[in-house]
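Heads up: the structure comes next, in structure tokens.
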Number of protein chains: 2
Amino acid sequence: MEVKKIVLPESEVPRQWYNVAADMPTPMEPPLHPGTGKPVGPDDLAPIFPMPLILQEVSQERWIDIPDEVMKRYLMWRPTPLYRAYSLERHLNTPARIYFKNEGVSPAGSHKPNTAVPQAYYNKISGTKRITTETGAGQWGSALSFACSQFGIECKVFMVKISYNQKPYRRMMMQTWGANCVASPSTETKAGQTILAQNPDSPGSLGIAISEAVEAAVTGKETKYALGSVLNHVMLHQTVIGLEAQKQLAVAGDYPDVVIGCAGGGSNFAGCAFPFVRDKIHGKKVEIIAVEPASCPTMTRGPFAYDFGDTVMMTPLLPMHTLGHGFVPEPIHAGGLRYHGMAPLVSQLVLDGLITPLAVPQMETFQAGITFARTEGFISAPETNHAVAATIREAIKAREEGKEKVILFNWSGHGLVDMAAYEAYLSGKLADHALAEAEIQRALREIEPLPKPRQYRPLKP
Amino acid sequence: MEVKKIVLPESEVPRQWYNVAADMPTPMEPPLHPGTGKPVGPDDLAPIFPMPLILQEVSQERWIDIPDEVMKRYLMWRPTPLYRAYSLERHLNTPARIYFKNEGVSPAGSHKPNTAVPQAYYNKISGTKRITTETGAGQWGSALSFACSQFGIECKVFMVKISYNQKPYRRMMMQTWGANCVASPSTETKAGQTILAQNPDSPGSLGIAISEAVEAAVTGKETKYALGSVLNHVMLHQTVIGLEAQKQLAVAGDYPDVVIGCAGGGSNFAGCAFPFVRDKIHGKKVEIIAVEPASCPTMTRGPFAYDFGDTVMMTPLLPMHTLGHGFVPEPIHAGGLRYHGMAPLVSQLVLDGLITPLAVPQMETFQAGITFARTEGFISAPETNHAVAATIREAIKAREEGKEKVILFNWSGHGLVDMAAYEAYLSGKLADHALAEAEIQRALREIEPLPKPRQYRPLKP
């Protein structure tokens, strides 16, 4: 009988996270204070994050210990299984060996708890009683709600109002874990009140929700704010994915030629990819592909520039690939990939040529998701389908080239609370169109790229 | 670090199902033909089931091989992890050691694929091109859709219309796996047409949907029908759960004092419990508890009688605990437990005193589900919460008695597509009430118990 999945014993879950900052071939540009334009220091971040997370954000240590109290929660779903996609391989008639890491087995159904749990933990030991955050479709909000319930911390989630109304299941998950989830704009913050005064029917936006969550953190007692992607410490926590995958592939006696992940803010991609980036810097031959939606082509079209992390210009300026903080992405179903920027660490590695970005149109991602569900059985989140689509492209290329390629992709989460997206696709209500292009053109005109971004030049072997 | 879950290697997945029929201390009463009243033979069932399943239905062999093609699909999610519920134990301050078997990791999110896959397989090798079935809330319909997609069989699901409209996510899952799901009553069968002629706005019922599915199977070319619970072969396929759990508990060095499962038609309960029933028949001391809703108390209140499996009196008469085929259970959220009867094998074992039935009210089950989500992290299906509630009762009893009891329960599925039930509970819209009692009383008056059911008398040790 073929071995379908490789499951490590609990004792093999990595005890340390891998910090790619220690190995960056090009030094990172610093984040800048939005008011002064000067580099942001730890003290600037202290009002919104607890100090252990700030120190991780700026750490240059290669390996950072995972605390026991975090590990105990990781063991609720980690190590996650690494699957060999035999059925998909046969369906595609490819000589490629396809592996996927199933991060959908967590209580929240995605990779997000990998960082939600340590964030809740470091807040707990720093005396935080209440954490605020924003959420769009609800992946992050639900993961943080779960994590806070584990440490007895109050959780307040500002959920974009249109999603709050249209996608109630993740909101209900948050409430089940005891979080307080409100539709944003809300009357609970000045930011929300201001928006509502201008437009009582505002559907909300991620930008507004961030403003509300940050304001609630800064003005609240013993309250901090948490972010589910983009920042260095978030990428760090996610590296358990790739570290586990490396051990599992070793058990299978394989090493990937290609590593694939979808990228919105960059965290699930980075989590799977960074340990392989390290190998690549040290000479391993591996292609690392970050997949984004064609309608929000941050890495493939956006320049490397200093930009705000949010749309309301409250956050520090981050050095990253961006379409501009004013970019309004098409309303595609992969809500988690509708972000104007990209994690600075991922952005710099794209700039350095260590990561290859790829943009895929929505229709292709759903077709890939259907193929995956009818071969491998699992129904993917719409975001995850971007990784599936890129994998299928690579597998077909391997067939055409007659190459026994090994492909690893990160299956970042299941789509059981995103079924409406599948229904829209199956009933013919979706189409790829060029609506996005005008907005991309408009947005690009407004961005000023960094004049001469520092860039890694690999030595010729 | 405490070991949180015990995961077997794939090579340890049982290669045979366990057939409790071989060990029944009291011979089973035969099913009777609804027309003639005579025992049903294999030929009577041939129009609706393929012969390999009919032979399993009547088999007395103790161990039945799991075919390789079934095993390959089982390995998509099996072996499932056995969890130690440390957080729940601490929360309850109990000396009990609580284990749960997580059947929610399957593609469909429940135990149902354990039987859907072999049913699809045996149909495939028997030349079936199309399988029909009925589904209420959609657990079974989605599992069968997944299984049929694995074997290239068309799947037609008649879904009770009110659920079809109110619970669209599982319908969309079925469609994603390629099944044809229609609202029942439909215009596609005579049964459906008749109902619609009388009442064009009929919300449908499981009874009507069964009629449509059976009619479509009998009248269709190369078409068979599939059932997700109640029958002997369904119980058989589910025993992989308990067989795995036995191996996992042996790894942990434990043996359960109590085994718990929720029971609607009986299949997830039987799957976990029957291997322990075998041990009990052979002298092991273990309490085996089947948990049902207080509003549909088939085992605790219903007599052992011959009754139809469906509400429209088309199926053979089955010897079972029943509230009568005309019983209309309260509209509780655990849709999978709203069944008037109980699997004959489970019923006979209840009658023989080897299984202890327990009825739990709905409010207690949701309270248990919230406690579980906020300790162990996972959000259970409303059906599963019945097992959680019984487990909490046992754990509290262990604390009060100061006993180091070992409890195993079957966590039959997650509730991520049932979140509306949690919202109803959290927003105070649910209450236990006595509406059910009048209907139970009415139904009981109409049932004629078997005059002197055969019954097992264990020898005094």
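Every chain in the structure tokens takes a letter, A first, then B, and so on in the order presented; its residues are numbered from 1, and the ligands are numbered from 1 following the presented order.
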ask   = If we count only C-alpha atoms, which residues of chain B reach to within 8 Å of chain A? Please list them as a ChimeraX atom specification.
value = /B:1-5,7,9-10,68,72,75-76,105,107-108,146,149-150,169,172-173,175-178,370,373-379,416-417,419-420,422-423,426
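Residues with any atom within 7 Å of stretch 235-245 of chain B, counting only C-alpha atoms and excluding same-chain neighbours fewer than 4 positions away, are Val13, Pro14, Trp17, Tyr18, Asn19, Leu82, Lys101, Asn114, Thr115, Leu231, Leu249, Ser267, Asn268, Ala270, Gly271, Cys272, Ala273, Phe274 and Pro275 of chain B.
Of the listed residues (A:Phe158, A:Trp140, A:Trp63, A:Phe327), A:Trp140 comes nearest to A:Ser229; the distances count only C-alpha atoms.
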ask   = So which one's closest to A:Met320, A:Glu439, A:Glu12, A:Asp201, A:Glu448? Using only C-alpha atoms, please.
value =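 That would be A:Glu448, the residue with the smallest distance to A:Met320.
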request  = Name the residues of stretch 141-387 of chain A that come out as alpha helix (DSSP H) in a backbone DSSP run; write them as a PyMOL selection string.
outcome  = chain A and resi 141-151+161-166+168-176+190-198+206-219+232-238+240-252+267-281+298-301+344-351+362-375+384-387
inquiry  = Between A:Pro382, A:Gly261, A:Gly402, A:Pro31, which residue has the minimum interatomic distance to A:His333, considering only C-alpha atoms?
reply    =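 Answer, going by the shortest atom-to-atom distance: A:Pro382.
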Computed interatomic separation between atom CA of B:Leu88 and atom CA of A:Gly141 (Å) =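 So the two atoms, atom CA of B:Leu88 and atom CA of A:Gly141, lie 23.4 Å apart.
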message = Residues near B:His233, anyone? I mean within 9 Å using only C-alpha atoms, not counting same-chain ones fewer than 6 positions away, as number ranges by chain.
response = B: 19, 53-59, 115
Expected file contents, prior selection, N, CA, C and O atoms, as a short mmCIF file (atom, residue, chain, number, x, y, z; two decimals), in the first residue's frame:
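As a result, again.cif now contains:
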data_model
loop_
_atom_site.label_atom_id
_atom_site.label_comp_id
_atom_site.auth_asym_id
_atom_site.auth_seq_id
_atom_site.Cartn_x
_atom_site.Cartn_y
_atom_site.Cartn_z
N ASN B 19 -17.27 -7.52 12.65
CA ASN B 19 -18.70 -7.76 12.50
C ASN B 19 -19.28 -8.29 13.81
O ASN B 19 -19.12 -9.47 14.14
N LEU B 53 -22.74 -5.79 -0.73
CA LEU B 53 -23.25 -5.13 0.49
C LEU B 53 -24.37 -5.95 1.12
O LEU B 53 -24.49 -6.02 2.34
N ILE B 54 -25.18 -6.58 0.29
CA ILE B 54 -26.25 -7.44 0.82
C ILE B 54 -25.63 -8.60 1.61
O ILE B 54 -26.09 -8.96 2.70
N LEU B 55 -24.58 -9.16 1.05
CA LEU B 55 -23.93 -10.29 1.74
C LEU B 55 -23.29 -9.83 3.06
O LEU B 55 -23.30 -10.57 4.04
N GLN B 56 -22.74 -8.63 3.07
CA GLN B 56 -22.24 -8.10 4.34
C GLN B 56 -23.38 -7.88 5.32
O GLN B 56 -23.23 -8.06 6.53
N GLU B 57 -24.53 -7.46 4.81
CA GLU B 57 -25.68 -7.19 5.66
C GLU B 57 -26.10 -8.43 6.44
O GLU B 57 -26.53 -8.34 7.59
N VAL B 58 -25.96 -9.61 5.82
CA VAL B 58 -26.41 -10.84 6.47
C VAL B 58 -25.24 -11.71 6.95
O VAL B 58 -25.45 -12.81 7.47
N SER B 59 -24.02 -11.20 6.80
CA SER B 59 -22.85 -12.01 7.13
C SER B 59 -22.75 -12.31 8.64
O SER B 59 -23.11 -11.47 9.48
N THR B 115 -18.15 4.74 5.81
CA THR B 115 -19.05 3.80 5.12
C THR B 115 -19.36 4.26 3.70
O THR B 115 -19.59 3.44 2.81
#
query = Counting only C-alpha atoms, what is within 9 Å of stretch 118-130 of chain A, bar same-chain residues fewer than 5 positions away, as a PyMOL selection string?
reply = chain A and resi 49-53+66-67+69-71+113+144+147-148+150-156+217+220-227+234+237
ask   = What is the distance between atom CA of A:Val157 and atom CA of B:Ala368, in Å to one decimal?
value = 24.3 Å
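Minimum distance to B:Asp310 across B:Leu349, B:Ala197, B:Leu45, B:Val214 (counting only C-alpha atoms) occurs at B:Val214.
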